[in-house]
>>> print(open('structure11.csv').read())   # CSV, C-alpha atoms and all ligand atoms
chain,number,residue,atom,x,y,z
M,63,ARG,CA,124.7,64.5,109.2
M,64,GLY,CA,128.0,64.0,107.3
M,65,SER,CA,129.8,63.6,110.6
M,66,MET,CA,132.4,60.9,111.2
M,67,ALA,CA,130.1,59.1,113.6
M,68,ASN,CA,127.5,58.7,110.9
M,69,SER,CA,129.8,57.1,108.3
M,70,LYS,CA,129.6,53.8,110.2
M,71,TYR,CA,126.0,53.5,109.4
M,72,GLU,CA,125.9,55.0,105.9
M,73,TYR,CA,126.5,51.7,104.2
M,74,VAL,CA,122.8,50.9,104.7
M,75,LYS,CA,122.1,53.4,101.9
M,76,GLN,CA,123.5,50.8,99.4
M,77,TYR,CA,120.5,48.5,100.1
M,78,GLU,CA,118.2,51.0,98.3
M,79,LEU,CA,117.7,49.5,94.9
M,80,ASP,CA,117.7,51.5,91.7
M,81,ASP,CA,114.2,51.8,90.3
M,82,THR,CA,114.8,54.4,87.5
M,83,LEU,CA,112.3,54.0,84.7
M,84,LEU,CA,113.7,53.3,81.2
M,85,PRO,CA,114.7,56.4,79.4
M,86,GLY,CA,112.8,57.6,76.4
M,87,CYS,CA,109.7,55.7,77.2
M,88,TRP,CA,106.2,56.9,78.1
M,89,ILE,CA,105.6,56.6,81.8
M,90,VAL,CA,102.1,55.7,82.9
M,91,ILE,CA,101.2,55.8,86.5
M,92,ARG,CA,97.8,54.2,87.3
M,93,ILE,CA,96.2,54.6,90.7
M,94,ASP,CA,93.2,52.6,91.9
M,95,GLY,CA,91.0,52.9,95.0
M,96,LYS,CA,91.5,50.2,97.6
M,97,GLY,CA,88.4,48.2,98.3
M,98,PHE,CA,86.1,50.7,96.6
M,99,THR,CA,83.3,48.1,96.2
M,100,LYS,CA,83.0,48.3,99.9
M,101,PHE,CA,83.9,52.0,100.2
M,102,SER,CA,81.2,53.0,97.6
M,103,ASP,CA,78.7,50.9,99.5
M,104,LEU,CA,79.6,52.3,102.8
M,105,HIS,CA,79.0,55.9,101.5
M,106,GLY,CA,75.8,55.1,99.5
M,107,PHE,CA,77.3,55.7,96.1
M,108,GLU,CA,74.5,55.6,93.5
M,109,LYS,CA,74.8,52.5,91.3
M,110,PRO,CA,76.2,52.0,88.8
M,111,ASN,CA,77.6,55.5,88.5
M,112,ASP,CA,77.6,58.1,91.3
M,113,LYS,CA,78.3,61.3,89.4
M,114,ARG,CA,79.4,63.1,92.6
M,115,ALA,CA,82.1,60.5,93.2
M,116,LEU,CA,83.3,60.7,89.6
M,117,ASP,CA,83.5,64.5,89.7
M,118,LEU,CA,85.5,64.2,92.9
M,119,MET,CA,87.9,61.8,91.1
M,120,ASP,CA,88.2,64.2,88.2
M,121,GLU,CA,88.9,67.2,90.4
M,122,CYS,CA,91.6,65.3,92.3
M,123,ALA,CA,93.2,64.3,89.0
M,124,ARG,CA,93.1,68.0,87.8
M,125,GLU,CA,94.9,69.0,91.1
M,126,VAL,CA,97.5,66.4,90.5
M,127,MET,CA,98.1,67.9,87.0
M,128,ASN,CA,98.3,71.4,88.5
M,129,GLU,CA,100.9,70.1,90.9
M,130,PHE,CA,103.0,68.0,88.5
M,131,THR,CA,103.4,69.9,85.2
M,132,ASP,CA,105.2,67.0,83.5
M,133,ILE,CA,101.9,65.1,83.3
M,134,ARG,CA,100.6,65.4,79.7
M,135,LEU,CA,97.4,63.6,80.0
M,136,ALA,CA,95.2,61.7,82.5
M,137,TYR,CA,92.4,59.2,82.0
M,138,GLY,CA,90.0,58.1,84.7
M,139,GLU,CA,87.1,55.8,85.2
M,140,SER,CA,85.4,54.4,88.3
M,141,ASP,CA,88.0,54.4,91.2
M,142,GLU,CA,91.1,54.6,89.0
M,143,TYR,CA,93.1,57.2,87.2
M,144,SER,CA,96.1,56.9,84.8
M,145,PHE,CA,98.6,59.7,84.5
M,146,VAL,CA,100.9,59.9,81.5
M,147,LEU,CA,104.3,61.6,81.8
M,148,GLY,CA,106.2,62.8,78.8
M,149,ARG,CA,108.7,60.4,77.2
M,150,ASN,CA,111.7,62.5,78.2
M,151,THR,CA,110.6,63.7,81.6
M,152,ASP,CA,113.3,64.0,84.2
M,153,MET,CA,110.9,64.4,87.1
M,154,TYR,CA,112.5,63.0,90.2
M,155,GLY,CA,115.1,61.3,88.0
M,156,ARG,CA,112.3,59.0,86.7
M,157,ARG,CA,112.5,57.1,89.9
M,158,ALA,CA,109.4,54.9,90.1
M,159,SER,CA,108.8,54.9,93.8
M,160,LYS,CA,109.2,58.7,94.0
M,161,LEU,CA,106.7,59.2,91.2
M,162,VAL,CA,104.2,56.7,92.3
M,163,SER,CA,104.2,57.7,95.9
M,164,LEU,CA,103.9,61.4,95.2
M,165,LEU,CA,101.1,61.0,92.8
M,166,VAL,CA,99.2,58.7,95.1
M,167,SER,CA,99.6,60.9,98.1
M,168,CYS,CA,98.7,64.1,96.2
M,169,PHE,CA,95.6,62.4,94.8
M,170,THR,CA,94.6,60.9,98.2
M,171,ALA,CA,95.1,64.1,100.1
M,172,ASN,CA,92.9,66.0,97.6
M,173,TYR,CA,90.3,63.2,97.8
M,174,VAL,CA,90.0,63.7,101.5
M,175,ALA,CA,90.1,67.5,101.4
M,176,ARG,CA,87.6,67.9,98.6
M,177,TRP,CA,85.2,65.1,99.6
M,178,SER,CA,82.7,67.3,101.4
M,179,ALA,CA,82.4,69.7,98.4
M,180,HIS,CA,81.1,66.8,96.2
M,181,LEU,CA,79.4,64.4,98.6
M,182,ILE,CA,77.6,67.1,100.6
M,183,ASP,CA,75.9,65.6,103.7
M,184,THR,CA,77.8,62.3,103.4
M,185,PRO,CA,80.4,62.2,106.1
M,186,LEU,CA,83.6,60.4,105.2
M,187,ARG,CA,83.4,57.2,107.3
M,188,ALA,CA,86.5,55.4,106.1
M,189,MET,CA,90.0,56.4,105.0
M,190,PRO,CA,90.2,56.3,101.2
M,191,MET,CA,93.4,54.7,100.0
M,192,PHE,CA,94.9,54.3,96.5
M,193,ASP,CA,97.4,51.9,95.2
M,194,GLY,CA,99.7,52.9,92.4
M,195,ARG,CA,102.0,51.4,89.8
M,196,ALA,CA,104.3,52.7,87.1
M,197,VAL,CA,104.6,51.1,83.6
M,198,CYS,CA,106.8,52.1,80.7
M,199,TYR,CA,105.7,52.0,77.1
M,200,PRO,CA,108.4,52.4,74.4
M,201,LEU,CA,106.2,53.1,71.4
M,202,ASP,CA,103.5,55.8,70.8
M,203,SER,CA,101.3,52.9,69.7
M,204,ASN,CA,101.8,51.2,73.0
M,205,LEU,CA,100.6,54.3,74.8
M,206,ARG,CA,97.6,54.7,72.6
M,207,ASP,CA,96.7,51.0,73.0
M,208,TYR,CA,97.1,51.3,76.8
M,209,LEU,CA,94.6,54.2,76.8
M,210,ALA,CA,92.3,52.4,74.4
M,211,TRP,CA,92.4,49.4,76.7
M,212,ARG,CA,91.3,51.5,79.7
M,213,GLN,CA,88.5,53.3,77.7
M,214,ALA,CA,87.2,50.0,76.3
M,215,ASP,CA,87.2,48.7,79.8
M,216,THR,CA,85.1,51.7,80.9
M,217,HIS,CA,82.5,50.9,78.2
M,218,ILE,CA,82.4,47.2,78.9
M,219,ASN,CA,82.0,47.7,82.7
M,220,ASN,CA,79.5,50.5,82.3
M,221,GLN,CA,77.3,48.5,79.9
M,222,TYR,CA,77.4,45.5,82.1
M,223,ASN,CA,76.8,47.5,85.3
M,224,THR,CA,73.9,49.4,83.8
M,225,CYS,CA,72.2,46.2,82.9
M,226,PHE,CA,73.0,44.6,86.2
M,227,TRP,CA,71.6,47.4,88.3
M,228,ALA,CA,68.5,47.7,86.1
M,229,LEU,CA,67.8,44.0,86.7
M,230,VAL,CA,68.5,44.3,90.4
M,231,ASN,CA,66.3,47.5,90.7
M,232,SER,CA,63.5,45.6,88.9
M,233,GLY,CA,63.5,43.0,91.7
M,234,LYS,CA,66.0,40.3,90.6
M,235,THR,CA,68.6,39.1,93.0
M,236,PRO,CA,72.2,39.9,92.2
M,237,ALA,CA,72.8,36.2,91.4
M,238,GLU,CA,69.8,36.2,89.0
M,239,ALA,CA,71.0,39.4,87.3
M,240,GLN,CA,74.5,37.9,86.9
M,241,ALA,CA,73.0,34.7,85.4
M,242,THR,CA,70.9,36.7,83.0
M,243,LEU,CA,74.0,38.6,81.7
M,244,LYS,CA,76.5,35.8,81.7
M,245,GLY,CA,78.1,35.4,78.3
M,246,THR,CA,75.9,37.9,76.6
M,247,GLN,CA,77.1,40.3,73.8
M,248,THR,CA,76.8,44.0,73.4
M,249,ALA,CA,73.8,43.9,71.1
M,250,PHE,CA,71.9,41.7,73.7
M,251,LYS,CA,72.6,44.1,76.5
M,252,ASN,CA,71.5,47.2,74.5
M,253,GLU,CA,68.3,45.4,73.6
M,254,LEU,CA,67.7,44.4,77.2
M,255,LEU,CA,68.2,48.0,78.3
M,256,PHE,CA,65.9,49.4,75.6
M,257,GLN,CA,63.2,46.7,75.5
M,258,GLY,CA,63.2,45.8,79.2
M,259,PHE,CA,63.8,49.2,80.8
M,260,GLY,CA,63.4,51.9,78.2
M,261,ILE,CA,67.0,52.9,78.6
M,262,ASN,CA,68.8,54.0,75.4
M,263,TYR,CA,72.4,53.3,76.1
M,264,ALA,CA,73.5,56.0,73.7
M,265,HIS,CA,71.8,58.6,75.7
M,266,LEU,CA,73.6,57.9,79.0
M,267,PRO,CA,76.0,60.6,80.1
M,268,GLU,CA,79.3,60.7,78.2
M,269,GLN,CA,81.2,60.8,81.5
M,270,PHE,CA,79.8,57.3,82.3
M,271,LYS,CA,80.3,55.8,78.8
M,272,LYS,CA,83.7,57.3,78.0
M,273,GLY,CA,85.3,58.1,81.3
M,274,SER,CA,87.3,61.3,81.7
M,275,VAL,CA,90.3,62.5,79.9
M,276,ILE,CA,92.2,65.5,81.1
M,277,ILE,CA,94.5,67.5,78.8
M,278,ARG,CA,96.0,71.0,79.1
M,279,ARG,CA,94.2,73.6,77.1
M,280,ARG,CA,95.1,77.2,76.5
M,281,ALA,CA,92.6,79.4,78.3
M,282,LEU,CA,92.5,82.8,79.8
M,283,VAL,CA,92.9,82.8,83.5
M,284,GLU,CA,93.0,85.6,86.1
M,285,VAL,CA,96.5,85.5,87.6
M,286,LYS,CA,96.1,88.4,90.0
M,287,ARG,CA,94.3,91.7,90.6
M,288,ARG,CA,95.6,95.2,90.1
M,289,ASP,CA,95.4,97.8,92.9
M,290,ASP,CA,92.3,99.1,91.3
M,291,GLY,CA,90.7,95.7,91.6
M,292,SER,CA,90.7,94.9,87.9
M,293,PRO,CA,91.8,91.4,86.9
M,294,VAL,CA,95.2,90.6,85.2
M,295,VAL,CA,94.4,87.9,82.7
M,296,ARG,CA,97.0,85.6,81.1
M,297,GLU,CA,96.8,82.7,78.7
M,298,ARG,CA,97.7,79.5,80.5
M,299,ALA,CA,97.6,75.8,79.8
M,300,VAL,CA,94.7,74.7,82.1
M,301,PRO,CA,94.0,71.0,82.8
M,302,THR,CA,90.6,70.5,81.3
M,303,VAL,CA,88.3,67.5,81.8
M,304,LEU,CA,86.7,66.0,78.6
M,305,HIS,CA,84.5,63.0,78.1
M,306,VAL,CA,85.5,62.0,74.6
M,307,ASP,CA,86.6,59.1,72.5
M,308,ILE,CA,90.4,58.6,72.8
M,309,ILE,CA,90.5,55.3,70.9
M,310,ARG,CA,90.0,56.6,67.3
M,311,ASP,CA,92.5,58.9,65.6
M,312,GLU,CA,90.5,62.0,65.7
M,313,PHE,CA,91.4,62.9,69.3
M,314,TRP,CA,95.1,62.5,68.6
M,315,GLU,CA,95.0,64.4,65.3
M,316,SER,CA,93.3,67.3,66.9
M,317,ASN,CA,95.8,67.3,69.9
M,318,PRO,CA,99.1,66.7,68.1
M,319,GLN,CA,101.0,68.1,71.1
M,320,LEU,CA,100.2,65.1,73.2
M,321,LEU,CA,102.5,62.7,71.3
M,322,ALA,CA,105.0,65.3,70.1
M,401,LIG,P1,90.7,46.7,94.7
M,401,LIG,O1,91.2,47.1,96.1
M,401,LIG,O2,91.3,45.4,94.3
M,401,LIG,O3,90.8,47.7,93.7
M,401,LIG,P2,87.9,47.4,94.5
M,401,LIG,O4,86.7,46.9,95.3
M,401,LIG,O5,88.3,48.8,94.6
M,401,LIG,O6,89.1,46.4,94.9
M,401,LIG,P3,87.7,47.7,91.6
M,401,LIG,O7,87.9,46.7,90.6
M,401,LIG,O8,88.8,48.8,91.7
M,401,LIG,O9,87.6,46.9,93.0
M,401,LIG,O10,86.3,48.3,91.5
M,401,LIG,C1,85.9,49.6,92.0
M,401,LIG,C2,84.5,49.5,92.6
M,401,LIG,O11,84.1,50.7,93.1
M,401,LIG,C3,83.5,49.0,91.7
M,401,LIG,O12,82.7,48.0,92.4
M,401,LIG,C4,82.6,50.2,91.4
M,401,LIG,O13,81.3,49.8,91.3
M,401,LIG,C5,82.8,51.0,92.7
M,401,LIG,N1,82.8,52.5,92.3
M,401,LIG,C6,83.9,53.3,92.0
M,401,LIG,N2,83.5,54.5,91.7
M,401,LIG,C7,82.1,54.5,91.7
M,401,LIG,C8,81.1,55.5,91.4
M,401,LIG,N3,81.5,56.7,91.0
M,401,LIG,N4,79.8,55.1,91.5
M,401,LIG,C9,79.5,53.9,91.9
M,401,LIG,N5,80.4,52.9,92.2
M,401,LIG,C10,81.7,53.2,92.1
M,402,LIG,P1,112.5,66.7,99.6
M,402,LIG,O1,111.3,67.0,98.8
M,402,LIG,O2,113.7,66.5,98.8
M,402,LIG,O3,112.3,65.7,100.7
M,402,LIG,P2,112.5,68.6,101.9
M,402,LIG,O4,112.5,70.0,101.9
M,402,LIG,O5,111.3,67.8,102.4
M,402,LIG,O6,112.8,68.1,100.4
M,402,LIG,P3,114.0,66.9,103.8
M,402,LIG,O7,115.4,66.5,103.7
M,402,LIG,O8,113.0,65.8,103.7
M,402,LIG,O9,113.8,68.0,102.6
M,402,LIG,O10,113.9,67.8,105.0
M,402,LIG,C1,112.7,68.0,105.7
M,402,LIG,C2,112.5,69.5,106.1
M,402,LIG,O11,111.3,69.7,106.8
M,402,LIG,C3,113.7,70.0,107.0
M,402,LIG,O12,114.1,71.2,106.5
M,402,LIG,C4,113.1,70.1,108.3
M,402,LIG,O13,113.6,71.2,109.0
M,402,LIG,C5,111.6,70.3,108.1
M,402,LIG,N1,110.8,69.7,109.1
M,402,LIG,C6,110.2,68.5,109.0
M,402,LIG,N2,109.6,68.2,110.1
M,402,LIG,C7,109.7,69.3,110.9
M,402,LIG,C8,109.2,69.6,112.3
M,402,LIG,N3,108.5,68.7,112.9
M,402,LIG,N4,109.6,70.7,112.8
M,402,LIG,C9,110.3,71.6,112.1
M,402,LIG,N5,110.8,71.4,110.8
M,402,LIG,C10,110.5,70.2,110.3
M,403,MG,MG,113.1,64.1,105.0
M,404,MG,MG,92.7,47.0,91.9
M,405,MG,MG,89.8,49.6,93.3
M,406,MG,MG,89.2,50.0,90.0
M,407,MG,MG,111.2,65.7,102.5
>>> encode(input="structure11.csv", output="structure tokens")
Amino acid sequence: RGSMANSKYEYVKQYELDDTLLPGCWIVIRIDGKGFTKFSDLHGFEKPNDKRALDLMDECAREVMNEFTDIRLAYGESDEYSFVLGRNTDMYGRRASKLVSLLVSCFTANYVARWSAHLIDTPLRAMPMFDGRAVCYPLDSNLRDYLAWRQADTHINNQYNTCFWALVNSGKTPAEAQATLKGTQTAFKNELLFQGFGINYAHLPEQFKKGSVIIRRRALVEVKRRDDGSPVVRERAVPTVLHVDIIRDEFWESNPQLLA
């Protein structure tokens, strides 16, 4: 290292391309499970929503936020999670490959380590893998539209999948279920669920309908114990999972620190 002999080779370093993300922009890193249609099948995930698997995703995302404190907010659904870094973060010099690879590996390592706590009695039979990408958004409105896009996607997918699996569980083939739903609107799907299957969409769990948003909330946490065994409690910003609307203004007005 640093020796004369090494300098002959050092030029190869120049082949590394700069991938610094634009300054002053919001950075969103979205990760997504590789082949989770098959992976969820292989592990007998309940359809359309296996709560155990969603809770595992949420816990992994919380751990990522515990590890990387520059993450302001995360939003997750299905096999994906988006992490939002502050506009002016200097984490790893804003280098895209560093940020993406660290978040992906932190998430994946936690997914493996915490699997058995959530999917008790279901052995992990395949290696979970996640892809990742980084996107920059210059305006606050771009960031809000991005998150609205993901949450709207959660709703559309959940409504479709709830209908699809209700039809399949009632004896239709997947092809028939698909044909029944093709080109139908929200109102039709709600009626189908209610009239056909006695399911009131509005009563489904918020986690399924809205996905998961994680923000840091002030909370009292035990930081250590005194010699006499009594807890030392401090106020800390703790990543907290919520299943709430992030499309309307209310969420942003009640959490002004997020865009500040
Ligand atoms: P790719 O590698 O391109 O992402 P994929 O099969 O993962 O392929 P996605 O569009 O990411 O495709 O879809 C994720 C799949 O995982 C969906 O089919 C969804 O039903 C399934 N899935 C993910 N999480 C759950 C869950 N908690 N419960 C049931 N199914 C789930
Ligand atoms: P960074 O996050 O910037 O990569 P780092 O501490 O990982 O910081 P590296 O330059 O990657 O820095 O160095 C790797 C370190 O890990 C070295 O200090 C090395 O001694 C230690 N290390 C890695 N593998 C082994 C090993 N098999 N046995 C002993 N030490 C190891
Ligand atoms: Mg090294
Ligand atoms: Mg994908
Ligand atoms: Mg996927
Ligand atoms: Mg996905
Ligand atoms: Mg290293």
>>> closest_atom_pairs(input="structure11.csv", of="chain M", to="ligand LIG 401 (chain M)", cutoff="9 Å", atoms="all atoms listed in the file", output="tab-separated table")
residue	atom	partner	partner_atom	distance
M:Asp94	CA	M:LIG401	O3	5.7
M:Gly95	CA	M:LIG401	O5	4.9
M:Lys96	CA	M:LIG401	O1	3.5
M:Gly97	CA	M:LIG401	O4	3.7
M:Phe98	CA	M:LIG401	O5	3.5
M:Thr99	CA	M:LIG401	O4	3.7
M:Lys100	CA	M:LIG401	O4	6.1
M:Phe101	CA	M:LIG401	O11	7.2
M:Ser102	CA	M:LIG401	N5	5.5
M:Asp103	CA	M:LIG401	N5	7.8
M:Gly106	CA	M:LIG401	C9	8.5
M:Phe107	CA	M:LIG401	C9	5.1
M:Glu108	CA	M:LIG401	C9	5.5
M:Lys109	CA	M:LIG401	C9	4.9
M:Pro110	CA	M:LIG401	C9	4.9
M:Asn111	CA	M:LIG401	N4	3.7
M:Asp112	CA	M:LIG401	N4	3.7
M:Lys113	CA	M:LIG401	N3	5.8
M:Arg114	CA	M:LIG401	N3	6.9
M:Ala115	CA	M:LIG401	N3	4.4
M:Leu116	CA	M:LIG401	N3	4.6
M:Asp117	CA	M:LIG401	N3	8.2
M:Leu118	CA	M:LIG401	N3	8.7
M:Met119	CA	M:LIG401	N3	8.2
M:Glu139	CA	M:LIG401	N2	7.5
M:Ser140	CA	M:LIG401	N2	3.9
M:Asp141	CA	M:LIG401	C6	4.3
M:Glu142	CA	M:LIG401	O8	6.8
M:Met191	CA	M:LIG401	O1	8.8
M:Phe192	CA	M:LIG401	O1	8.1
M:Asp193	CA	M:LIG401	O1	7.9
M:Asn219	CA	M:LIG401	O13	8.9
M:Asn223	CA	M:LIG401	O13	7.8
M:Phe270	CA	M:LIG401	N3	8.9
>>> residues_around(input="structure11.csv", residues="Gln247 in chain M", least_positions_apart="6", cutoff="12 Å", atoms="all atoms listed in the file", output="ChimeraX atom specification")
/M:218,221-222,225,253-254
>>> residues_near_ligand(input="structure11.csv", ligand="ligand LIG 402 (chain M)", cutoff="10 Å", atoms="all atoms listed in the file", output="PyMOL selection string")
chain M and resi 154+160+164
>>> closest_residue(input="structure11.csv", among="M:Ala214, M:Ala322, M:Leu209, M:Ala158", to="Ala136 in chain M", atoms="all atoms listed in the file")
M:Leu209
>>> atom_distance(input="structure11.csv", atom1="CA of Gly148 in chain M", atom2="CA of Asp215 in chain M")
23.7 Å
>>> atom_distance(input="structure11.csv", atom1="CA of Asn220 in chain M", atom2="CA of Lys271 in chain M")
6.4 Å
>>> atom_distance(input="structure11.csv", atom1="CA of Phe130 in chain M", atom2="CA of Phe145 in chain M")
10.2 Å
>>> closest_residue(input="structure11.csv", among="M:Leu205, M:Ala171, M:Ala239, M:Leu255", to="Ile89 in chain M", atoms="all atoms listed in the file")
M:Leu205
>>> residues_around(input="structure11.csv", residues="Arg280 in chain M", least_positions_apart="4", cutoff="8 Å", atoms="only C-alpha atoms", output="JSON, numbers by chain")
{"M": [297, 298, 299, 300]}
>>> residues_around(input="structure11.csv", residues="range 256-259 of chain M", least_positions_apart="6", cutoff="10 Å", atoms="all atoms listed in the file", output="list of chain:residue names")
M:Cys225, M:Ala228, M:Leu229, M:Ser232, M:Phe250
>>> residues_around(input="structure11.csv", residues="range 125-129 of chain M", least_positions_apart="5", cutoff="12 Å", atoms="all atoms listed in the file", output="PyMOL selection string")
chain M and resi 91+93+118-120+134-137+143-147+161-162+164-173+175-176+275-278+298-303
>>> closest_residue(input="structure11.csv", among="M:Ala196, M:Leu83, M:Val294, M:Ile308", to="Trp211 in chain M", atoms="all atoms listed in the file")
M:Ile308
